[in-house]
Amino acid sequence: MSSLQPSDLAPGLLLGEGVQFGEGVELGGNVVIHSGTRIGNFCVIGDSAVVGKPPMLGQHSTASSDQPPPATLAEDAVVCPGAVIGAGAEIGTAAVIGDQAQIRERARIGAESVVGRGSAVDNDVTVGNRVKIQSNCYVTAGAVVEDDAFLGPGVMLTNDDTMGRHAAGDSPDGPILRRACRVGGGAVVLPGVEIGEEAVIGAGAVVLHDVSARKVMVGVPARELRDVGDEELLERWR
Amino acid sequence: MSSLQPSDLAPGLLLGEGVQFGEGVELGGNVVIHSGTRIGNFCVIGDSAVVGKPPMLGQHSTASSDQPPPATLAEDAVVCPGAVIGAGAEIGTAAVIGDQAQIRERARIGAESVVGRGSAVDNDVTVGNRVKIQSNCYVTAGAVVEDDAFLGPGVMLTNDDTMGRHAAGDSPDGPILRRACRVGGGAVVLPGVEIGEEAVIGAGAVVLHDVSARKVMVGVPARELRDVGDEELLERWR
Amino acid sequence: MSSLQPSDLAPGLLLGEGVQFGEGVELGGNVVIHSGTRIGNFCVIGDSAVVGKPPMLGQHSTASSDQPPPATLAEDAVVCPGAVIGAGAEIGTAAVIGDQAQIRERARIGAESVVGRGSAVDNDVTVGNRVKIQSNCYVTAGAVVEDDAFLGPGVMLTNDDTMGRHAAGDSPDGPILRRACRVGGGAVVLPGVEIGEEAVIGAGAVVLHDVSARKVMVGVPARELRDVGDEELLERWR
């Protein structure tokens with residue numbers, strides 16, 4: 001962290017070494033950008049945001065302690081005030097990272113996706129294109145979120161059935177959210193669960209088992225309610 | 001954002017143009033206050049808070065992209081460290097915005113209300129007077145929260161039954177929380193639901209349908225348990 | 001707050017009076033450290049973190065308004081970017097406070113414990129050693145979290161059955177989480193509930209009543225499923 005230096009490019013800006021800026025980048029106040037970060041054309045970074053944060057792992061963390069590459073923001077990406085973007089994260093074209101959100105090291109956020117205010121995407125997670133993650137969600141390590149998925153506010157994905165009592169080398173067992181599935185606000189998804197394409201999980205549901213494509217599931221534990229109708233499919237709405 | 005300039009009024013302070021300060025305002029370190037913000041007498045703004053943030057919308061956001069007016073903090077308002085207050089937000093007399101909370105553009109927070117640490121109030125929402133929103137809540141766009149309502153920690157309000165598959169111009173269908181209702185921790189409220197005056201929602205409930213005044217509802221889905229007794233009414237407790 | 005002054009020790013650093021640093025402390029950019037804070041050897045404090053924040057209470061807060069002592073970070077403690085640590089908080093040896101987390105005044109976090117990203121620990125709470133609190137949790141005032149407890153993402157602890165309608169002097173009635181219990185993601189724990197040693201609460205459960213040691217509870221409301229087997233006990237896994 002010692003390589004940060006004040007910069008005249010914006011008020012209160014602190015820059016690491018070798019940060020690359022595209023054209024037309026807008027920076028708020030008191031932004032911190034760590035060494036090597038690459039910022040594409042017309043990106044916007046809000047006040048007090050931190051980009052390219054090196055990992056600060058606990059002694060027992062299961063995340064990789066390899067030094068990640070720099071963070072990358074593609075063209076037109078927006079990072080809102082107070083957000084923290086880890087080293088090695090890749091933020092896609094025109095993606096929006098909301099106020100006070102967190103993207104951990106090596107996570108990839110696809111083009112035109114939105115990570116809502118106060119939400120977190122864990123290390124090494126891949127989020128597809130045009131995904132909408134609303135406010136206060138947690139996308140856990142090992143999860144996959146495919147294109148056009150929708151997560152309502154406060155969705156919690158989990159990745160460890162043992163809650164910490166597993167062999168040291170075990171990989172996190174994050175849920176798989178397939179293309180264009182929709183998960184309602186406050187829903188909880190158990191480790192390793194796969195939610196099929198165009199499936200719907202009702203608000204507040206707790207999903208214990210895999211969900212087939214186009215099924216609508218509700219309740220605690222989640223049970224099948226009906227199928228998603230043709231008129232609800234994504235292809236009708238874009 | 002380029003109009004921010006360092007100011008000697010407080011350490012690390014960045015100010016936009018034409019910010020108005022009342023008497024006796026206290027400012028923490030590294031605060032950012034955007035152009036035109038009006039700060040009332042005896043307000044307190046904590047470290048690293050951002051006040052009057054211009055909208056930074058995604059390309060597909062349904063929030064209004066009209067340029068909002070400046071933010072306003074009434075007398076004795078408190079904005080805690082790391083909070084982000086949007087442009088056009090109106091923070092009422094002696095209201096408290098907790099650490100790392102977010103108030104979006106044009107939201108109004110009534111007098112003596114508290115928005116807890118890490119909670120978010122969306123654009124254009126009106127929150128009444130003496131409302132208590134505890135930690136990690138999400139008050140969604142289109143919601144109304146009347147005077148003296150109470151939201152326990154982690155309450156999630158939702159506003160879109162289609163989860164993104166609706167006509168472009170549709171308004172958000174946020175819940176209505178009537179005067180002095182109480183919503184327990186971790187509860188989820190479905191789009192458009194009205195919770196009546198002095199009604200109570202149990203912790204962890206999922207509320208699918210309107211709730212009449214003074215009813216106590218619990219469970220998933222929420223079902224009626226009993227009525228609120230006279231001895232529990234707000235008038236007995238203030 | 002007026003005692004903060006710029007310091008050359010790190011870029012953008014603001015220091016109160018009499019802050020004590022051990023050897024080998026690493027500081028990120030734009031950090032704020034309030035008067036009297038004691039920082040142990042080899043601590044790491046990330047960008048835009050705030051340490052030793054004085055209380056900023058609302059007019060009706062039930063938290064003590066006594067001026068707390070300074071904050072203390074023991075050796076090897078890590079405070080990540082955007083975290084806010086209150087005055088009088090005690091962060092234990094090698095504990096990690098995640099990005100954008102909050103530790104309120106006088107809370108104690110034990111050695112080697114982790115408070116996850118975006119989680120909050122309320123004023124005066126005691127968290128034991130080797131506790132793992134994952135992301136977006138809320139540990140309410142009056143709670144006790146004993147050694148080796150595990151809280152999955154989004155766990156909400158509550159402390160007030162009346163939701164604000166009690167006599168002014170009443171103490172908060174936070175849950176008691178006994179040694180090595182595990183609480184699944186998205187679970188909600190009602191006020192005053194005691195969760196026994198080595199008990200397990202399933203993801204998304206709502207816990208209304210005390211849970212005996214080594215019981216596994218699931219559902220809404222939580223009901224007994226089975227006992228925790230000998231092979232699952234913590235002593236087997238460390």
# chains A, B, ... in the order shown; residues from 1 in each chain; ligands from 1
call {"tool": "calpha_fit_and_write", "arguments": {"fixed": "chain C", "moving": "chain B", "output": "PDB file with C-alpha atoms, in the first residue's frame"}}
result
ATOM      1  CA  MET B   1     -13.707  15.675  15.639  1.00  0.00           C
ATOM      2  CA  SER B   2     -11.860  18.928  15.248  1.00  0.00           C
ATOM      3  CA  SER B   3      -8.629  17.454  16.581  1.00  0.00           C
ATOM      4  CA  LEU B   4      -7.928  15.544  13.359  1.00  0.00           C
ATOM      5  CA  GLN B   5      -4.776  16.688  11.564  1.00  0.00           C
ATOM      6  CA  PRO B   6      -3.106  15.573   8.348  1.00  0.00           C
ATOM      7  CA  SER B   7      -0.128  13.314   8.948  1.00  0.00           C
ATOM      8  CA  ASP B   8       2.850  12.381   6.790  1.00  0.00           C
ATOM      9  CA  LEU B   9       2.820   8.809   8.001  1.00  0.00           C
ATOM     10  CA  ALA B  10       0.619   7.708   5.102  1.00  0.00           C
ATOM     11  CA  PRO B  11      -1.066   9.349   2.093  1.00  0.00           C
ATOM     12  CA  GLY B  12      -4.256  11.150   3.028  1.00  0.00           C
ATOM     13  CA  LEU B  13      -3.985  10.079   6.670  1.00  0.00           C
ATOM     14  CA  LEU B  14      -5.836  12.125   9.310  1.00  0.00           C
ATOM     15  CA  LEU B  15      -4.827  11.617  12.923  1.00  0.00           C
ATOM     16  CA  GLY B  16      -6.341  12.678  16.219  1.00  0.00           C
ATOM     17  CA  GLU B  17      -4.180  13.472  19.216  1.00  0.00           C
ATOM     18  CA  GLY B  18      -2.073  10.898  20.959  1.00  0.00           C
ATOM     19  CA  VAL B  19      -2.579   7.972  18.579  1.00  0.00           C
ATOM     20  CA  GLN B  20      -0.080   5.227  19.440  1.00  0.00           C
ATOM     21  CA  PHE B  21       1.438   3.005  16.753  1.00  0.00           C
ATOM     22  CA  GLY B  22       3.281  -0.257  17.289  1.00  0.00           C
ATOM     23  CA  GLU B  23       6.007  -1.527  14.997  1.00  0.00           C
ATOM     24  CA  GLY B  24       5.433  -2.401  11.390  1.00  0.00           C
ATOM     25  CA  VAL B  25       1.922  -0.997  11.067  1.00  0.00           C
ATOM     26  CA  GLU B  26       0.687  -0.679   7.462  1.00  0.00           C
ATOM     27  CA  LEU B  27      -1.776   2.054   6.543  1.00  0.00           C
ATOM     28  CA  GLY B  28      -3.769   2.450   3.330  1.00  0.00           C
ATOM     29  CA  GLY B  29      -4.848   5.744   1.814  1.00  0.00           C
ATOM     30  CA  ASN B  30      -7.270   8.294   3.310  1.00  0.00           C
ATOM     31  CA  VAL B  31      -7.441   6.536   6.682  1.00  0.00           C
ATOM     32  CA  VAL B  32      -8.912   8.436   9.665  1.00  0.00           C
ATOM     33  CA  ILE B  33      -7.750   7.516  13.182  1.00  0.00           C
ATOM     34  CA  HIS B  34      -9.259   9.330  16.141  1.00  0.00           C
ATOM     35  CA  SER B  35      -7.609  10.557  19.318  1.00  0.00           C
ATOM     36  CA  GLY B  36      -5.992   8.131  21.669  1.00  0.00           C
ATOM     37  CA  THR B  37      -6.391   5.019  19.492  1.00  0.00           C
ATOM     38  CA  ARG B  38      -3.768   2.373  20.237  1.00  0.00           C
ATOM     39  CA  ILE B  39      -2.630   0.295  17.279  1.00  0.00           C
ATOM     40  CA  GLY B  40      -0.590  -2.813  17.945  1.00  0.00           C
ATOM     41  CA  ASN B  41       2.436  -4.201  16.162  1.00  0.00           C
ATOM     42  CA  PHE B  42       1.983  -5.266  12.551  1.00  0.00           C
ATOM     43  CA  CYS B  43      -1.631  -4.161  12.277  1.00  0.00           C
ATOM     44  CA  VAL B  44      -2.945  -3.357   8.802  1.00  0.00           C
ATOM     45  CA  ILE B  45      -5.562  -0.643   8.228  1.00  0.00           C
ATOM     46  CA  GLY B  46      -7.044  -0.383   4.747  1.00  0.00           C
ATOM     47  CA  ASP B  47      -8.018   2.568   2.593  1.00  0.00           C
ATOM     48  CA  SER B  48     -10.716   4.945   3.842  1.00  0.00           C
ATOM     49  CA  ALA B  49     -11.157   3.051   7.102  1.00  0.00           C
ATOM     50  CA  VAL B  50     -12.202   5.025  10.188  1.00  0.00           C
ATOM     51  CA  VAL B  51     -10.852   3.916  13.572  1.00  0.00           C
ATOM     52  CA  GLY B  52     -11.950   5.210  16.970  1.00  0.00           C
ATOM     53  CA  LYS B  53     -15.040   7.048  15.769  1.00  0.00           C
ATOM     54  CA  PRO B  54     -16.684   8.916  18.667  1.00  0.00           C
ATOM     55  CA  PRO B  55     -20.344   7.978  19.241  1.00  0.00           C
ATOM     56  CA  MET B  56     -22.845   9.918  17.122  1.00  0.00           C
ATOM     57  CA  LEU B  57     -26.096   8.917  18.769  1.00  0.00           C
ATOM     58  CA  GLY B  58     -29.603   9.896  17.853  1.00  0.00           C
ATOM     59  CA  GLN B  59     -31.593  11.764  20.469  1.00  0.00           C
ATOM     60  CA  HIS B  60     -33.522   8.646  21.410  1.00  0.00           C
ATOM     61  CA  SER B  61     -30.739   6.073  21.220  1.00  0.00           C
ATOM     62  CA  THR B  62     -30.582   3.562  24.057  1.00  0.00           C
ATOM     63  CA  ALA B  63     -26.787   3.168  23.709  1.00  0.00           C
ATOM     64  CA  SER B  64     -24.734   4.674  26.515  1.00  0.00           C
ATOM     65  CA  SER B  65     -23.741   8.265  25.867  1.00  0.00           C
ATOM     66  CA  ASP B  66     -20.782   8.092  28.245  1.00  0.00           C
ATOM     67  CA  GLN B  67     -17.631   9.097  26.430  1.00  0.00           C
ATOM     68  CA  PRO B  68     -15.951   5.772  25.662  1.00  0.00           C
ATOM     69  CA  PRO B  69     -12.220   5.183  25.979  1.00  0.00           C
ATOM     70  CA  PRO B  70     -10.086   5.062  22.810  1.00  0.00           C
ATOM     71  CA  ALA B  71     -10.222   2.102  20.431  1.00  0.00           C
ATOM     72  CA  THR B  72      -7.567  -0.594  20.684  1.00  0.00           C
ATOM     73  CA  LEU B  73      -6.220  -2.869  17.975  1.00  0.00           C
ATOM     74  CA  ALA B  74      -4.138  -5.775  19.221  1.00  0.00           C
ATOM     75  CA  GLU B  75      -1.119  -7.159  17.377  1.00  0.00           C
ATOM     76  CA  ASP B  76      -1.687  -8.345  13.808  1.00  0.00           C
ATOM     77  CA  ALA B  77      -5.262  -7.060  13.639  1.00  0.00           C
ATOM     78  CA  VAL B  78      -6.530  -6.201  10.157  1.00  0.00           C
ATOM     79  CA  VAL B  79      -9.102  -3.489   9.411  1.00  0.00           C
ATOM     80  CA  CYS B  80     -10.174  -3.558   5.769  1.00  0.00           C
ATOM     81  CA  PRO B  81     -11.100  -0.636   3.488  1.00  0.00           C
ATOM     82  CA  GLY B  82     -14.158   1.371   4.391  1.00  0.00           C
ATOM     83  CA  ALA B  83     -14.627  -0.247   7.798  1.00  0.00           C
ATOM     84  CA  VAL B  84     -15.715   1.915  10.735  1.00  0.00           C
ATOM     85  CA  ILE B  85     -14.453   1.052  14.235  1.00  0.00           C
ATOM     86  CA  GLY B  86     -16.020   2.893  17.152  1.00  0.00           C
ATOM     87  CA  ALA B  87     -14.322   4.439  20.137  1.00  0.00           C
ATOM     88  CA  GLY B  88     -13.724   1.985  22.938  1.00  0.00           C
ATOM     89  CA  ALA B  89     -13.862  -1.009  20.611  1.00  0.00           C
ATOM     90  CA  GLU B  90     -11.233  -3.654  21.277  1.00  0.00           C
ATOM     91  CA  ILE B  91     -10.086  -5.654  18.265  1.00  0.00           C
ATOM     92  CA  GLY B  92      -8.216  -8.801  19.261  1.00  0.00           C
ATOM     93  CA  THR B  93      -4.951 -10.283  18.089  1.00  0.00           C
ATOM     94  CA  ALA B  94      -5.002 -11.206  14.416  1.00  0.00           C
ATOM     95  CA  ALA B  95      -8.722 -10.463  14.138  1.00  0.00           C
ATOM     96  CA  VAL B  96      -9.954  -9.322  10.723  1.00  0.00           C
ATOM     97  CA  ILE B  97     -12.626  -6.658  10.252  1.00  0.00           C
ATOM     98  CA  GLY B  98     -13.835  -6.923   6.668  1.00  0.00           C
ATOM     99  CA  ASP B  99     -14.437  -4.275   4.034  1.00  0.00           C
ATOM    100  CA  GLN B 100     -17.213  -1.828   4.934  1.00  0.00           C
ATOM    101  CA  ALA B 101     -17.926  -3.602   8.225  1.00  0.00           C
ATOM    102  CA  GLN B 102     -18.811  -1.700  11.369  1.00  0.00           C
ATOM    103  CA  ILE B 103     -17.774  -2.323  14.974  1.00  0.00           C
ATOM    104  CA  ARG B 104     -19.551  -0.025  17.373  1.00  0.00           C
ATOM    105  CA  GLU B 105     -18.351   1.638  20.542  1.00  0.00           C
ATOM    106  CA  ARG B 106     -17.038  -0.627  23.314  1.00  0.00           C
ATOM    107  CA  ALA B 107     -17.595  -3.861  21.339  1.00  0.00           C
ATOM    108  CA  ARG B 108     -14.912  -6.487  21.840  1.00  0.00           C
ATOM    109  CA  ILE B 109     -13.821  -8.814  19.033  1.00  0.00           C
ATOM    110  CA  GLY B 110     -11.736 -11.770  20.157  1.00  0.00           C
ATOM    111  CA  ALA B 111      -8.447 -13.036  18.847  1.00  0.00           C
ATOM    112  CA  GLU B 112      -8.415 -14.531  15.341  1.00  0.00           C
ATOM    113  CA  SER B 113     -12.095 -13.746  14.825  1.00  0.00           C
ATOM    114  CA  VAL B 114     -13.376 -12.500  11.478  1.00  0.00           C
ATOM    115  CA  VAL B 115     -16.190  -9.983  11.029  1.00  0.00           C
ATOM    116  CA  GLY B 116     -17.164 -10.297   7.402  1.00  0.00           C
ATOM    117  CA  ARG B 117     -17.568  -7.650   4.769  1.00  0.00           C
ATOM    118  CA  GLY B 118     -20.530  -5.362   5.413  1.00  0.00           C
ATOM    119  CA  SER B 119     -21.371  -6.934   8.784  1.00  0.00           C
ATOM    120  CA  ALA B 120     -22.089  -4.920  11.914  1.00  0.00           C
ATOM    121  CA  VAL B 121     -21.381  -5.595  15.581  1.00  0.00           C
ATOM    122  CA  ASP B 122     -23.336  -3.307  17.889  1.00  0.00           C
ATOM    123  CA  ASN B 123     -22.178  -1.317  20.886  1.00  0.00           C
ATOM    124  CA  ASP B 124     -20.991  -3.238  23.943  1.00  0.00           C
ATOM    125  CA  VAL B 125     -21.253  -6.677  22.316  1.00  0.00           C
ATOM    126  CA  THR B 126     -18.654  -9.283  23.213  1.00  0.00           C
ATOM    127  CA  VAL B 127     -17.535 -11.627  20.449  1.00  0.00           C
ATOM    128  CA  GLY B 128     -15.223 -14.474  21.475  1.00  0.00           C
ATOM    129  CA  ASN B 129     -12.102 -15.902  19.907  1.00  0.00           C
ATOM    130  CA  ARG B 130     -11.945 -17.599  16.521  1.00  0.00           C
ATOM    131  CA  VAL B 131     -15.531 -16.574  15.743  1.00  0.00           C
ATOM    132  CA  LYS B 132     -16.432 -16.394  12.068  1.00  0.00           C
ATOM    133  CA  ILE B 133     -19.089 -13.843  11.183  1.00  0.00           C
ATOM    134  CA  GLN B 134     -19.601 -13.926   7.426  1.00  0.00           C
ATOM    135  CA  SER B 135     -20.817 -11.110   5.173  1.00  0.00           C
ATOM    136  CA  ASN B 136     -23.813  -8.808   5.739  1.00  0.00           C
ATOM    137  CA  CYS B 137     -24.624 -10.021   9.279  1.00  0.00           C
ATOM    138  CA  TYR B 138     -26.005  -7.958  12.146  1.00  0.00           C
ATOM    139  CA  VAL B 139     -24.958  -8.757  15.708  1.00  0.00           C
ATOM    140  CA  THR B 140     -27.299  -6.711  17.862  1.00  0.00           C
ATOM    141  CA  ALA B 141     -26.695  -4.890  21.134  1.00  0.00           C
ATOM    142  CA  GLY B 142     -26.922  -7.173  24.152  1.00  0.00           C
ATOM    143  CA  ALA B 143     -25.829 -10.239  22.184  1.00  0.00           C
ATOM    144  CA  VAL B 144     -23.043 -12.537  23.302  1.00  0.00           C
ATOM    145  CA  VAL B 145     -21.155 -14.616  20.755  1.00  0.00           C
ATOM    146  CA  GLU B 146     -18.867 -17.169  22.358  1.00  0.00           C
ATOM    147  CA  ASP B 147     -15.649 -18.702  21.078  1.00  0.00           C
ATOM    148  CA  ASP B 148     -15.678 -20.586  17.789  1.00  0.00           C
ATOM    149  CA  ALA B 149     -19.232 -19.650  16.826  1.00  0.00           C
ATOM    150  CA  PHE B 150     -19.998 -19.432  13.091  1.00  0.00           C
ATOM    151  CA  LEU B 151     -22.551 -17.080  11.521  1.00  0.00           C
ATOM    152  CA  GLY B 152     -23.307 -17.562   7.827  1.00  0.00           C
ATOM    153  CA  PRO B 153     -24.018 -14.637   5.506  1.00  0.00           C
ATOM    154  CA  GLY B 154     -26.897 -12.340   6.334  1.00  0.00           C
ATOM    155  CA  VAL B 155     -27.641 -13.685   9.821  1.00  0.00           C
ATOM    156  CA  MET B 156     -29.791 -11.241  11.767  1.00  0.00           C
ATOM    157  CA  LEU B 157     -29.858 -11.202  15.557  1.00  0.00           C
ATOM    158  CA  THR B 158     -32.675  -9.199  17.163  1.00  0.00           C
ATOM    159  CA  ASN B 159     -33.015  -7.767  20.670  1.00  0.00           C
ATOM    160  CA  ASP B 160     -36.415  -6.195  21.211  1.00  0.00           C
ATOM    161  CA  ASP B 161     -39.686  -8.124  21.175  1.00  0.00           C
ATOM    162  CA  THR B 162     -41.615  -4.885  21.558  1.00  0.00           C
ATOM    163  CA  MET B 163     -39.962  -3.206  18.564  1.00  0.00           C
ATOM    164  CA  GLY B 164     -39.449   0.026  20.421  1.00  0.00           C
ATOM    165  CA  ARG B 165     -42.316   0.011  22.892  1.00  0.00           C
ATOM    166  CA  HIS B 166     -40.653  -0.623  26.215  1.00  0.00           C
ATOM    167  CA  ALA B 167     -39.685   1.367  29.282  1.00  0.00           C
ATOM    168  CA  ALA B 168     -36.827   3.764  28.635  1.00  0.00           C
ATOM    169  CA  GLY B 169     -34.263   2.041  30.832  1.00  0.00           C
ATOM    170  CA  ASP B 170     -34.752  -1.523  29.602  1.00  0.00           C
ATOM    171  CA  SER B 171     -31.612  -3.312  28.516  1.00  0.00           C
ATOM    172  CA  PRO B 172     -31.436  -4.810  25.041  1.00  0.00           C
ATOM    173  CA  ASP B 173     -32.261  -8.503  25.071  1.00  0.00           C
ATOM    174  CA  GLY B 174     -29.777  -9.861  22.543  1.00  0.00           C
ATOM    175  CA  PRO B 175     -29.389 -13.571  21.791  1.00  0.00           C
ATOM    176  CA  ILE B 176     -26.675 -15.708  23.371  1.00  0.00           C
ATOM    177  CA  LEU B 177     -24.692 -17.814  20.915  1.00  0.00           C
ATOM    178  CA  ARG B 178     -22.792 -20.438  22.882  1.00  0.00           C
ATOM    179  CA  ARG B 179     -19.393 -21.905  22.091  1.00  0.00           C
ATOM    180  CA  ALA B 180     -18.978 -23.456  18.652  1.00  0.00           C
ATOM    181  CA  CYS B 181     -22.597 -23.117  17.594  1.00  0.00           C
ATOM    182  CA  ARG B 182     -23.225 -22.604  13.888  1.00  0.00           C
ATOM    183  CA  VAL B 183     -25.977 -20.421  12.423  1.00  0.00           C
ATOM    184  CA  GLY B 184     -26.746 -20.798   8.727  1.00  0.00           C
ATOM    185  CA  GLY B 185     -27.004 -18.015   6.165  1.00  0.00           C
ATOM    186  CA  GLY B 186     -30.057 -15.787   6.319  1.00  0.00           C
ATOM    187  CA  ALA B 187     -31.243 -17.144   9.678  1.00  0.00           C
ATOM    188  CA  VAL B 188     -33.063 -14.804  12.070  1.00  0.00           C
ATOM    189  CA  VAL B 189     -32.705 -15.210  15.842  1.00  0.00           C
ATOM    190  CA  LEU B 190     -35.395 -13.773  18.108  1.00  0.00           C
ATOM    191  CA  PRO B 191     -34.629 -11.635  21.171  1.00  0.00           C
ATOM    192  CA  GLY B 192     -33.182 -13.387  24.186  1.00  0.00           C
ATOM    193  CA  VAL B 193     -32.845 -16.777  22.496  1.00  0.00           C
ATOM    194  CA  GLU B 194     -29.932 -18.905  23.655  1.00  0.00           C
ATOM    195  CA  ILE B 195     -28.351 -21.217  21.104  1.00  0.00           C
ATOM    196  CA  GLY B 196     -26.494 -24.002  22.853  1.00  0.00           C
ATOM    197  CA  GLU B 197     -22.932 -25.189  22.413  1.00  0.00           C
ATOM    198  CA  GLU B 198     -22.292 -26.997  19.146  1.00  0.00           C
ATOM    199  CA  ALA B 199     -25.908 -26.502  18.045  1.00  0.00           C
ATOM    200  CA  VAL B 200     -26.659 -25.922  14.360  1.00  0.00           C
ATOM    201  CA  ILE B 201     -29.301 -23.608  12.891  1.00  0.00           C
ATOM    202  CA  GLY B 202     -30.157 -24.287   9.255  1.00  0.00           C
ATOM    203  CA  ALA B 203     -29.939 -21.603   6.592  1.00  0.00           C
ATOM    204  CA  GLY B 204     -33.013 -19.400   6.500  1.00  0.00           C
ATOM    205  CA  ALA B 205     -34.402 -20.653   9.816  1.00  0.00           C
ATOM    206  CA  VAL B 206     -36.247 -18.364  12.222  1.00  0.00           C
ATOM    207  CA  VAL B 207     -35.373 -19.287  15.806  1.00  0.00           C
ATOM    208  CA  LEU B 208     -38.088 -18.459  18.327  1.00  0.00           C
ATOM    209  CA  HIS B 209     -36.977 -20.466  21.355  1.00  0.00           C
ATOM    210  CA  ASP B 210     -33.834 -21.594  23.111  1.00  0.00           C
ATOM    211  CA  VAL B 211     -31.924 -24.373  21.389  1.00  0.00           C
ATOM    212  CA  SER B 212     -30.218 -27.072  23.426  1.00  0.00           C
ATOM    213  CA  ALA B 213     -26.600 -27.990  22.911  1.00  0.00           C
ATOM    214  CA  ARG B 214     -25.861 -30.126  19.849  1.00  0.00           C
ATOM    215  CA  LYS B 215     -29.348 -29.887  18.388  1.00  0.00           C
ATOM    216  CA  VAL B 216     -29.851 -29.238  14.669  1.00  0.00           C
ATOM    217  CA  MET B 217     -32.806 -26.934  14.040  1.00  0.00           C
ATOM    218  CA  VAL B 218     -34.315 -26.006  10.684  1.00  0.00           C
ATOM    219  CA  GLY B 219     -37.289 -24.188   9.203  1.00  0.00           C
ATOM    220  CA  VAL B 220     -39.710 -21.392  10.049  1.00  0.00           C
ATOM    221  CA  PRO B 221     -40.300 -21.545  12.930  1.00  0.00           C
ATOM    222  CA  ALA B 222     -37.199 -23.607  13.658  1.00  0.00           C
ATOM    223  CA  ARG B 223     -37.879 -27.164  14.768  1.00  0.00           C
ATOM    224  CA  GLU B 224     -35.572 -29.970  15.834  1.00  0.00           C
ATOM    225  CA  LEU B 225     -34.231 -32.143  13.032  1.00  0.00           C
ATOM    226  CA  ARG B 226     -31.512 -34.260  14.643  1.00  0.00           C
ATOM    227  CA  ASP B 227     -28.486 -34.158  16.922  1.00  0.00           C
ATOM    228  CA  VAL B 228     -25.015 -33.087  15.878  1.00  0.00           C
ATOM    229  CA  GLY B 229     -22.898 -36.237  15.493  1.00  0.00           C
ATOM    230  CA  ASP B 230     -19.597 -36.750  17.273  1.00  0.00           C
ATOM    231  CA  GLU B 231     -17.836 -36.580  13.930  1.00  0.00           C
ATOM    232  CA  GLU B 232     -19.073 -33.022  13.395  1.00  0.00           C
ATOM    233  CA  LEU B 233     -17.797 -31.559  16.653  1.00  0.00           C
ATOM    234  CA  LEU B 234     -15.247 -28.793  16.493  1.00  0.00           C
ATOM    235  CA  GLU B 235     -12.573 -30.839  18.228  1.00  0.00           C
ATOM    236  CA  ARG B 236     -12.449 -33.053  15.127  1.00  0.00           C
ATOM    237  CA  TRP B 237     -11.815 -30.125  12.828  1.00  0.00           C
ATOM    238  CA  ARG B 238      -8.908 -28.227  14.275  1.00  0.00           C
TER     239      ARG B 238
END
call {"tool": "select_by_dssp", "arguments": {"residues": "region 3-237 of chain B", "states": "strand (DSSP E or B)", "output": "MDAnalysis selection string"}}
result
chainID B and resid 5:6 14:15 20:21 26:27 32:33 38:39 44:45 50:53 72:73 78:79 84:86 90:91 96:97 102:103 108:109 114:115 120:121 126:127 132:133 138:139 144:145 150:151 156:157 176:177 182:183 188:189 194:195 200:201 206:207 211 215:218 223:227
call {"tool": "decode", "arguments": {"residues": "region 36-51 of chain B", "atoms": "C-alpha atoms", "output": "short mmCIF file (atom, residue, chain, number, x, y, z; two decimals), in the first residue's frame"}}
result
data_model
loop_
_atom_site.label_atom_id
_atom_site.label_comp_id
_atom_site.auth_asym_id
_atom_site.auth_seq_id
_atom_site.Cartn_x
_atom_site.Cartn_y
_atom_site.Cartn_z
CA GLY B 36 -25.38 23.48 -3.78
CA THR B 37 -25.93 21.27 -0.71
CA ARG B 38 -27.60 23.14 2.15
CA ILE B 39 -26.57 22.08 5.64
CA GLY B 40 -28.61 23.31 8.57
CA ASN B 41 -27.55 24.58 11.96
CA PHE B 42 -25.74 22.15 14.23
CA CYS B 43 -25.64 19.30 11.74
CA VAL B 44 -22.91 16.69 12.18
CA ILE B 45 -21.31 14.94 9.20
CA GLY B 46 -18.97 12.05 9.95
CA ASP B 47 -15.70 10.94 8.39
CA SER B 48 -15.66 9.92 4.73
CA ALA B 49 -19.35 10.68 4.27
CA VAL B 50 -20.53 11.85 0.84
CA VAL B 51 -23.39 14.36 0.67
#
